[in-house]
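Next up, model-v4.tsv (TSV, C-alpha atoms and all ligand atoms):
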```tsv
chain	number	residue	atom	x	y	z
H	5	MET	CA	243.52	91.29	95.96
H	6	LYS	CA	241.24	90.68	93.01
H	7	PRO	CA	238.25	88.63	94.22
H	8	THR	CA	236.95	85.66	92.30
H	9	LEU	CA	234.38	82.89	92.56
H	10	ILE	CA	233.51	79.54	91.01
H	11	VAL	CA	230.34	77.49	91.57
H	12	HIS	CA	229.14	74.04	90.54
H	13	GLY	CA	225.73	72.48	90.12
H	14	GLY	CA	226.76	68.84	90.22
H	15	ALA	CA	228.71	66.39	88.12
H	16	TRP	CA	227.07	63.27	86.76
H	17	ARG	CA	225.06	62.62	83.64
H	18	ILE	CA	223.01	65.78	83.22
H	19	ALA	CA	220.02	65.18	80.95
H	20	GLU	CA	220.21	67.21	77.75
H	21	GLU	CA	216.76	68.75	78.26
H	22	THR	CA	217.86	70.23	81.60
H	23	HIS	CA	221.16	71.75	80.39
H	24	ALA	CA	219.66	75.21	79.90
H	25	ASP	CA	218.20	75.18	83.43
H	26	HIS	CA	221.52	74.10	84.91
H	27	ILE	CA	223.35	76.84	83.04
H	28	ALA	CA	220.81	79.47	84.13
H	29	GLY	CA	220.89	78.27	87.76
H	30	THR	CA	224.67	78.19	88.10
H	31	ARG	CA	224.95	81.56	86.32
H	32	ALA	CA	222.41	83.16	88.68
H	33	ALA	CA	224.28	81.73	91.68
H	34	ALA	CA	227.63	83.00	90.41
H	35	GLN	CA	226.07	86.41	89.77
H	36	ALA	CA	224.66	86.57	93.30
H	37	GLY	CA	228.02	85.66	94.85
H	38	TRP	CA	229.95	87.95	92.53
H	39	HIS	CA	227.69	90.88	93.45
H	40	VAL	CA	228.71	90.38	97.09
H	41	LEU	CA	232.43	90.23	96.26
H	42	CYS	CA	232.30	93.28	93.96
H	43	HIS	CA	230.79	95.34	96.75
H	44	GLY	CA	233.59	94.46	99.14
H	45	GLY	CA	231.70	91.60	100.80
H	46	SER	CA	233.37	88.56	102.30
H	47	ALA	CA	234.08	85.25	100.60
H	48	LEU	CA	231.94	83.60	103.30
H	49	ASP	CA	228.92	85.75	102.41
H	50	ALA	CA	229.54	85.16	98.72
H	51	VAL	CA	229.59	81.35	98.95
H	52	GLU	CA	226.60	81.31	101.30
H	53	ILE	CA	224.54	83.45	98.96
H	54	ALA	CA	225.61	81.52	95.84
H	55	VAL	CA	224.78	78.16	97.43
H	56	SER	CA	221.47	79.45	98.87
H	57	ALA	CA	220.47	80.58	95.38
H	58	MET	CA	220.96	77.03	94.08
H	59	GLU	CA	219.18	75.55	97.13
H	60	ASP	CA	216.18	77.69	96.19
H	61	ASP	CA	216.32	76.51	92.58
H	62	PRO	CA	214.35	73.23	92.11
H	63	VAL	CA	216.69	72.16	89.30
H	64	PHE	CA	219.37	71.11	91.78
H	65	ASP	CA	219.62	68.33	94.36
H	66	ALA	CA	219.89	70.72	97.30
H	67	GLY	CA	217.22	72.46	99.38
H	68	VAL	CA	214.11	72.54	97.15
H	69	GLY	CA	214.46	69.72	94.61
H	70	SER	CA	216.45	67.38	96.84
H	71	VAL	CA	216.28	63.66	96.13
H	72	LEU	CA	214.15	61.33	98.27
H	73	ASN	CA	215.63	58.60	100.41
H	74	ARG	CA	214.35	55.04	100.62
H	75	ALA	CA	211.65	56.07	103.09
H	76	GLY	CA	210.44	58.81	100.73
H	77	ASP	CA	211.88	61.55	102.98
H	78	ILE	CA	214.33	64.34	102.28
H	79	GLU	CA	217.41	64.54	104.50
H	80	VAL	CA	219.97	67.15	103.54
H	81	ASP	CA	223.68	67.70	104.21
H	82	ALA	CA	225.62	70.97	103.96
H	83	MET	CA	228.85	72.61	105.05
H	84	ILE	CA	230.55	75.99	105.00
H	85	MET	CA	234.20	76.71	105.85
H	86	ASP	CA	236.18	79.87	106.54
H	87	GLY	CA	239.73	79.67	105.19
H	88	ARG	CA	240.91	82.53	107.40
H	89	THR	CA	240.33	80.74	110.72
H	90	LEU	CA	239.57	77.17	109.57
H	91	ALA	CA	236.21	77.56	111.33
H	92	LEU	CA	233.48	75.40	109.87
H	93	GLY	CA	229.83	74.60	110.29
H	94	ALA	CA	227.99	71.58	108.93
H	95	VAL	CA	224.64	69.83	109.12
H	96	ALA	CA	223.85	66.25	108.19
H	97	ALA	CA	220.71	64.21	107.65
H	98	VAL	CA	218.49	67.12	108.64
H	99	ARG	CA	214.86	67.38	107.56
H	100	GLY	CA	212.63	70.32	106.70
H	101	ILE	CA	215.26	73.00	106.07
H	102	LYS	CA	215.18	75.05	102.89
H	103	ASN	CA	218.63	76.56	103.19
H	104	PRO	CA	220.89	74.15	105.07
H	105	VAL	CA	223.96	76.23	104.17
H	106	ARG	CA	222.52	79.10	106.28
H	107	LEU	CA	222.04	76.73	109.19
H	108	ALA	CA	225.64	75.52	108.75
H	109	ARG	CA	226.84	79.14	108.87
H	110	VAL	CA	224.93	79.81	112.10
H	111	ILE	CA	226.39	76.65	113.66
H	112	MET	CA	229.85	77.89	112.68
H	113	GLN	CA	229.28	81.35	114.14
H	114	ASP	CA	227.04	80.79	117.14
H	115	THR	CA	228.14	77.50	118.69
H	116	ASP	CA	231.29	75.82	119.95
H	117	HIS	CA	230.58	72.92	117.61
H	118	CYS	CA	231.27	72.14	113.98
H	119	VAL	CA	228.58	69.62	113.05
H	120	LEU	CA	224.95	69.10	114.11
H	121	VAL	CA	222.82	66.28	112.77
H	122	ALA	CA	219.20	65.26	112.36
H	123	GLU	CA	216.77	66.27	115.13
H	124	GLY	CA	219.35	68.28	117.08
H	125	ALA	CA	220.14	70.36	114.01
H	126	ARG	CA	216.43	70.98	113.46
H	127	ARG	CA	215.88	72.03	117.04
H	128	PHE	CA	218.85	74.37	116.85
H	129	ALA	CA	217.48	75.91	113.65
H	130	GLU	CA	214.17	76.52	115.37
H	131	GLU	CA	215.92	78.18	118.32
H	132	LYS	CA	217.77	80.46	115.94
H	133	GLY	CA	214.60	81.45	114.11
H	134	ILE	CA	215.56	79.65	110.89
H	135	ARG	CA	212.31	78.68	109.27
H	136	LEU	CA	211.50	74.99	109.17
H	137	CYS	CA	209.27	73.69	106.41
H	138	ALA	CA	207.21	70.65	105.57
H	139	ALA	CA	208.87	68.01	103.36
H	140	ALA	CA	206.27	68.86	100.70
H	141	GLU	CA	207.82	72.31	100.28
H	142	LEU	CA	211.14	70.72	99.27
H	143	THR	CA	209.71	67.92	97.15
H	144	VAL	CA	209.40	68.33	93.40
H	145	PRO	CA	207.40	66.07	91.00
H	146	ARG	CA	210.61	64.96	89.23
H	147	GLU	CA	211.88	63.36	92.44
H	148	ILE	CA	208.55	61.74	93.34
H	149	GLU	CA	208.57	60.13	89.91
H	150	ARG	CA	212.18	58.98	90.29
H	151	PHE	CA	211.42	57.57	93.75
H	152	ARG	CA	208.45	55.60	92.41
H	153	LYS	CA	210.56	54.15	89.61
H	154	LEU	CA	213.35	53.15	91.98
H	155	GLN	CA	210.85	51.44	94.28
H	156	GLU	CA	210.11	49.06	91.43
H	157	VAL	CA	213.75	48.06	90.96
H	158	PRO	CA	214.44	44.89	92.93
H	159	ASP	CA	217.63	45.08	95.05
H	160	TYR	CA	218.40	48.59	93.93
H	161	HIS	CA	221.78	49.85	95.01
H	162	LEU	CA	223.82	52.82	93.90
H	163	SER	CA	226.90	51.51	92.19
H	164	ASP	CA	230.32	53.12	92.45
H	165	GLU	CA	230.02	54.00	88.79
H	166	PHE	CA	227.79	56.84	87.65
H	167	THR	CA	224.19	56.00	86.89
H	168	PRO	CA	222.06	57.67	84.24
H	169	ASP	CA	220.35	59.73	86.93
H	170	PRO	CA	221.71	63.13	87.76
H	171	MET	CA	222.57	64.17	91.28
H	172	ASP	CA	222.97	67.88	91.24
H	173	THR	CA	224.72	68.77	94.46
H	174	VAL	CA	225.78	72.42	94.57
H	175	GLY	CA	228.88	74.22	95.80
H	176	ALA	CA	230.84	77.46	95.68
H	177	VAL	CA	234.39	78.61	96.41
H	178	ALA	CA	235.44	82.26	96.60
H	179	ILE	CA	238.31	84.55	97.50
H	180	ASP	CA	237.54	88.14	98.55
H	181	GLN	CA	239.40	91.45	98.36
H	182	ALA	CA	241.09	90.75	101.70
H	183	GLY	CA	242.44	87.44	100.33
H	184	ASN	CA	240.12	85.35	102.51
H	185	ILE	CA	238.91	82.09	101.02
H	186	ALA	CA	235.64	80.29	101.77
H	187	ALA	CA	233.95	77.16	100.44
H	188	ALA	CA	230.43	75.73	100.79
H	189	THR	CA	228.60	72.63	99.57
H	190	SER	CA	224.95	71.58	99.90
H	191	THR	CA	223.08	68.46	98.84
H	192	GLY	CA	220.06	66.23	99.19
H	193	GLY	CA	222.55	63.37	98.78
H	194	VAL	CA	222.14	60.41	96.51
H	195	HIS	CA	218.74	59.15	95.42
H	196	PHE	CA	217.18	56.23	97.27
H	197	LYS	CA	219.83	56.41	100.01
H	198	LEU	CA	219.19	54.67	103.30
H	199	PRO	CA	217.59	56.95	105.89
H	200	GLY	CA	220.40	58.42	107.99
H	201	ARG	CA	223.00	58.12	105.24
H	202	VAL	CA	225.48	60.99	105.34
H	203	GLY	CA	227.47	61.79	102.21
H	204	ASP	CA	230.74	63.61	101.70
H	205	SER	CA	229.24	67.11	101.51
H	206	PRO	CA	229.16	67.92	105.27
H	207	LEU	CA	232.43	66.10	106.00
H	208	VAL	CA	235.35	68.48	106.32
H	209	GLY	CA	238.04	67.87	103.70
H	210	SER	CA	235.70	65.65	101.69
H	211	GLY	CA	232.81	67.76	100.36
H	212	ALA	CA	234.61	71.06	100.93
H	213	TYR	CA	237.71	72.61	102.43
H	214	ALA	CA	239.13	76.13	102.72
H	215	ASP	CA	242.48	77.37	103.98
H	216	ASN	CA	243.84	80.84	103.15
H	217	LEU	CA	247.34	79.34	103.04
H	218	THR	CA	246.52	77.03	100.13
H	219	GLY	CA	243.04	77.42	98.65
H	220	GLY	CA	239.44	76.28	98.74
H	221	ALA	CA	237.54	73.39	97.17
H	222	SER	CA	234.02	72.02	96.80
H	223	ALA	CA	233.30	68.51	95.55
H	224	THR	CA	230.43	66.62	93.99
H	225	GLY	CA	229.90	63.05	92.83
H	226	HIS	CA	229.90	59.67	94.52
H	227	GLY	CA	230.13	60.59	98.21
H	228	GLU	CA	231.38	57.22	99.39
H	229	SER	CA	234.37	57.61	97.04
H	230	ILE	CA	234.97	61.31	97.76
H	231	MET	CA	235.16	60.72	101.51
H	232	ARG	CA	237.62	57.84	101.13
H	233	VAL	CA	240.21	60.12	99.54
H	234	LEU	CA	239.28	63.39	101.32
H	235	LEU	CA	238.95	64.86	97.86
H	236	SER	CA	238.77	68.56	98.79
H	237	LYS	CA	241.68	68.43	101.27
H	238	THR	CA	243.71	66.29	98.88
H	239	ALA	CA	243.25	68.95	96.20
H	240	THR	CA	244.08	71.92	98.45
H	241	ASP	CA	247.13	70.07	99.78
H	242	ALA	CA	248.28	69.77	96.17
H	243	LEU	CA	247.92	73.56	95.87
H	244	GLY	CA	250.09	73.84	98.98
H	245	ARG	CA	252.79	71.80	97.25
H	246	GLY	CA	252.85	74.38	94.46
H	247	MET	CA	250.56	72.78	91.89
H	248	GLY	CA	248.42	75.18	89.83
H	249	ALA	CA	244.66	75.27	90.45
H	250	GLN	CA	243.70	73.47	87.23
H	251	ALA	CA	246.45	70.87	87.57
H	252	ALA	CA	245.55	70.21	91.22
H	253	ALA	CA	241.86	69.71	90.39
H	254	GLU	CA	242.72	67.27	87.61
H	255	TRP	CA	245.25	65.43	89.76
H	256	ALA	CA	242.84	65.02	92.69
H	257	ILE	CA	240.09	63.60	90.47
H	258	ARG	CA	242.60	61.22	88.85
H	259	HIS	CA	243.82	60.17	92.29
H	260	MET	CA	240.23	59.38	93.41
H	261	HIS	CA	239.69	57.30	90.30
H	262	GLU	CA	242.95	55.42	90.66
H	263	ARG	CA	242.59	54.71	94.39
H	264	VAL	CA	238.88	53.94	94.76
H	265	ASN	CA	237.49	53.93	91.23
H	266	GLY	CA	235.46	56.99	92.19
H	267	TYR	CA	233.57	59.43	89.97
H	268	GLY	CA	232.91	63.08	90.62
H	269	GLY	CA	233.89	66.68	90.08
H	270	LEU	CA	235.75	69.40	91.95
H	271	ILE	CA	236.06	73.19	91.85
H	272	LEU	CA	239.11	74.98	93.25
H	273	VAL	CA	240.38	78.50	94.00
H	274	ASP	CA	244.01	78.92	95.02
H	275	HIS	CA	245.32	81.58	97.41
H	276	ARG	CA	246.35	83.78	94.47
H	277	GLY	CA	242.82	83.75	93.04
H	278	ASN	CA	243.31	81.22	90.21
H	279	THR	CA	240.36	78.91	89.60
H	280	GLY	CA	240.24	75.34	88.27
H	281	PHE	CA	237.81	72.49	87.95
H	282	ALA	CA	237.89	68.85	86.87
H	283	TYR	CA	235.50	65.91	86.62
H	284	ASN	CA	235.50	62.33	85.34
H	285	THR	CA	231.72	62.01	84.97
H	286	PRO	CA	229.91	62.57	81.67
H	287	HIS	CA	229.04	66.16	82.63
H	288	MET	CA	229.65	68.88	85.16
H	289	ALA	CA	227.73	72.15	85.59
H	290	VAL	CA	230.06	75.06	86.43
H	291	ALA	CA	230.04	78.84	86.41
H	292	TRP	CA	233.02	81.05	87.11
H	293	VAL	CA	234.18	84.66	86.94
H	294	ASP	CA	237.05	85.37	84.54
H	295	ALA	CA	239.88	87.90	84.97
H	296	ARG	CA	237.75	90.63	83.35
H	297	GLY	CA	234.90	90.00	85.77
H	298	GLU	CA	232.71	88.23	83.23
H	299	ILE	CA	230.64	85.22	84.28
H	300	HIS	CA	230.78	82.02	82.23
H	301	ALA	CA	228.28	79.22	82.87
H	302	GLN	CA	228.60	75.91	81.07
H	303	ILE	CA	227.75	72.25	81.12
H	304	LYS	CA	231.08	70.59	80.54
H	305	GLY	CA	231.14	67.17	78.99
D	1	LIG	N1	228.31	63.99	96.77
D	1	LIG	C1	226.89	63.90	97.00
D	1	LIG	C2	226.65	62.77	97.97
D	1	LIG	O1	227.23	61.71	97.83
D	1	LIG	C3	226.09	63.68	95.75
D	1	LIG	C4	226.43	64.60	94.60
D	1	LIG	O2	227.46	65.23	94.58
D	1	LIG	O3	225.63	64.73	93.68
D	1	LIG	O4	225.85	62.94	98.86
```
Serialized structure, structure tokens:
Amino acid sequence: MKPTLIVHGGAWRIAEETHADHIAGTRAAAQAGWHVLCHGGSALDAVEIAVSAMEDDPVFDAGVGSVLNRAGDIEVDAMIMDGRTLALGAVAAVRGIKNPVRLARVIMQDTDHCVLVAEGARRFAEEKGIRLCAAAELTVPREIERFRKLQEVPDYHLSDEFTPDPMDTVGAVAIDQAGNIAAATSTGGVHFKLPGRVGDSPLVGSGAYADNLTGGASATGHGESIMRVLLSKTATDALGRGMGAQAAAEWAIRHMHERVNGYGGLILVDHRGNTGFAYNTPHMAVAWVDARGEIHAQIKG
């Protein structure tokens, strides 16, 4: 089986002056994941490495660079899923973790559980020797400035429609030489969220899904809309009904818009290794590997 990989760095309005950084960041992530796949590595390792690379990159709203919640704290969500066994690991509303996707992977592999949240997730990370960090290590000046501005807005609430501010959640989907599919998503969530708010990213079938029988997906956009239509599972189910990867991605995004007026983006890999992506926001940052093994990174919009 020819391996392949697709990654995203969020779908929303991506400010023109940050396009080059988004392209560089998604390209570097795709390269890191592709390197794993080309050397016979697993889809799980590839998506973990690709997502970790974007968590380390302050451009994105994941790991370092995450958005601040209403209390000025960073609480992150992440998930990883193995399409071979349907095993999954997820963390939600956890503080002081640089690479939540790694923690999600350890939860998947070393516990009988699928999801750990908040303080319990932190304690588990500590037990497993995953380095905790101070909030300051994850906080970038851009987000402090945004937080201060939002504090001035009376009755601020995130509307269902996209706002001018980007939210650059990251994700990756891959298929390896053995035909195993994996998907992962990681995010700081939406800016100025209530403390304790959990988005779609760590919710199975919403922020990501992977099943060797159909395909894998990772989503980004308005979490409260994505979770209402189980966007990732909806899209992989469409693959299972015989829809092509591109058509399924477009259909799932259309369905979310029609049912809940939701905005977002989705990347997909089907069980034959075809990739697709779709979005109904002004932009989406994506990078993918073509049939010749070349990496393309673009801001679509
Ligand atoms: N889906 C994420 C959330 O709602 C945000 C994003 O994709 O940018 O938490």
Set out as a tab-separated table a contact list for chain H and ligand LIG 1 (chain D) with a cut-off of 6 Å, giving each residue of chain H that qualifies its closest atom pair and distance in Å to one decimal, counting only C-alpha atoms and all ligand atoms, ordered by chain and rising residue number.
```
residue	atom	partner	partner_atom	distance
H:Gly14	CA	D:LIG1	O3	5.5
H:Met171	CA	D:LIG1	O3	3.9
H:Asp172	CA	D:LIG1	O3	4.8
H:Thr173	CA	D:LIG1	O3	4.2
H:Gly193	CA	D:LIG1	O4	3.3
H:Val194	CA	D:LIG1	O4	5.1
H:Gly203	CA	D:LIG1	O4	3.9
H:Asp204	CA	D:LIG1	N1	5.5
H:Ser205	CA	D:LIG1	N1	5.8
H:Thr224	CA	D:LIG1	O2	3.3
H:Gly225	CA	D:LIG1	O2	3.7
H:His226	CA	D:LIG1	O1	4.7
H:Gly227	CA	D:LIG1	O1	3.1
```
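The interatomic distance for the pair CA of Gly269 in chain H and CA of Asp25 in chain H works out to 19.0 Å.
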### Summary
Nearest to Trp16 in chain H, restricted to only C-alpha atoms and choosing among H:Asp215, H:Asp180, H:Asp65, H:Asp49, comes out as H:Asp65
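Taking CA of Gly67 in chain H and CA of Leu207 in chain H as endpoints, the distance between them is 17.8 Å.
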### Atom-to-atom span, CA of Phe196 in chain H and CA of Glu123 in chain H, Å
20.5 Å
## Note on the structure
Among H:Gln155, H:Gln302, H:Ser236, H:Ser210, Ile27 in chain H is approached most closely, using all atoms listed in the file, by H:Gln302
Starting from the incomplete input, reconstruct N, CA and C atoms of range 272-284 of chain H and report them as a PDB file, in the coordinates of the input.
```pdb
ATOM      1  N   LEU H 272     237.985  74.537  92.402  1.00  0.00           N
ATOM      2  CA  LEU H 272     239.110  74.980  93.250  1.00  0.00           C
ATOM      3  C   LEU H 272     239.385  76.467  93.035  1.00  0.00           C
ATOM      4  N   VAL H 273     239.797  77.147  94.108  1.00  0.00           N
ATOM      5  CA  VAL H 273     240.380  78.500  94.000  1.00  0.00           C
ATOM      6  C   VAL H 273     241.662  78.471  94.809  1.00  0.00           C
ATOM      7  N   ASP H 274     242.782  78.900  94.222  1.00  0.00           N
ATOM      8  CA  ASP H 274     244.010  78.920  95.020  1.00  0.00           C
ATOM      9  C   ASP H 274     244.191  80.264  95.724  1.00  0.00           C
ATOM     10  N   HIS H 275     245.206  80.377  96.574  1.00  0.00           N
ATOM     11  CA  HIS H 275     245.320  81.580  97.410  1.00  0.00           C
ATOM     12  C   HIS H 275     245.743  82.815  96.611  1.00  0.00           C
ATOM     13  N   ARG H 276     246.052  82.619  95.321  1.00  0.00           N
ATOM     14  CA  ARG H 276     246.350  83.780  94.470  1.00  0.00           C
ATOM     15  C   ARG H 276     245.125  84.181  93.632  1.00  0.00           C
ATOM     16  N   GLY H 277     244.043  83.401  93.770  1.00  0.00           N
ATOM     17  CA  GLY H 277     242.820  83.750  93.040  1.00  0.00           C
ATOM     18  C   GLY H 277     242.687  83.048  91.692  1.00  0.00           C
ATOM     19  N   ASN H 278     243.484  82.012  91.451  1.00  0.00           N
ATOM     20  CA  ASN H 278     243.310  81.220  90.210  1.00  0.00           C
ATOM     21  C   ASN H 278     242.238  80.166  90.452  1.00  0.00           C
ATOM     22  N   THR H 279     241.403  79.926  89.453  1.00  0.00           N
ATOM     23  CA  THR H 279     240.360  78.910  89.600  1.00  0.00           C
ATOM     24  C   THR H 279     240.683  77.689  88.719  1.00  0.00           C
ATOM     25  N   GLY H 280     240.100  76.551  89.076  1.00  0.00           N
ATOM     26  CA  GLY H 280     240.240  75.340  88.270  1.00  0.00           C
ATOM     27  C   GLY H 280     239.084  74.418  88.571  1.00  0.00           C
ATOM     28  N   PHE H 281     238.802  73.522  87.665  1.00  0.00           N
ATOM     29  CA  PHE H 281     237.810  72.490  87.950  1.00  0.00           C
ATOM     30  C   PHE H 281     238.122  71.252  87.121  1.00  0.00           C
ATOM     31  N   ALA H 282     237.667  70.099  87.595  1.00  0.00           N
ATOM     32  CA  ALA H 282     237.890  68.850  86.870  1.00  0.00           C
ATOM     33  C   ALA H 282     236.785  67.874  87.236  1.00  0.00           C
ATOM     34  N   TYR H 283     236.551  66.906  86.378  1.00  0.00           N
ATOM     35  CA  TYR H 283     235.500  65.910  86.620  1.00  0.00           C
ATOM     36  C   TYR H 283     235.823  64.690  85.775  1.00  0.00           C
ATOM     37  N   ASN H 284     235.337  63.532  86.174  1.00  0.00           N
ATOM     38  CA  ASN H 284     235.500  62.330  85.340  1.00  0.00           C
ATOM     39  C   ASN H 284     234.148  61.665  85.102  1.00  0.00           C
TER      40      ASN H 284
END
```
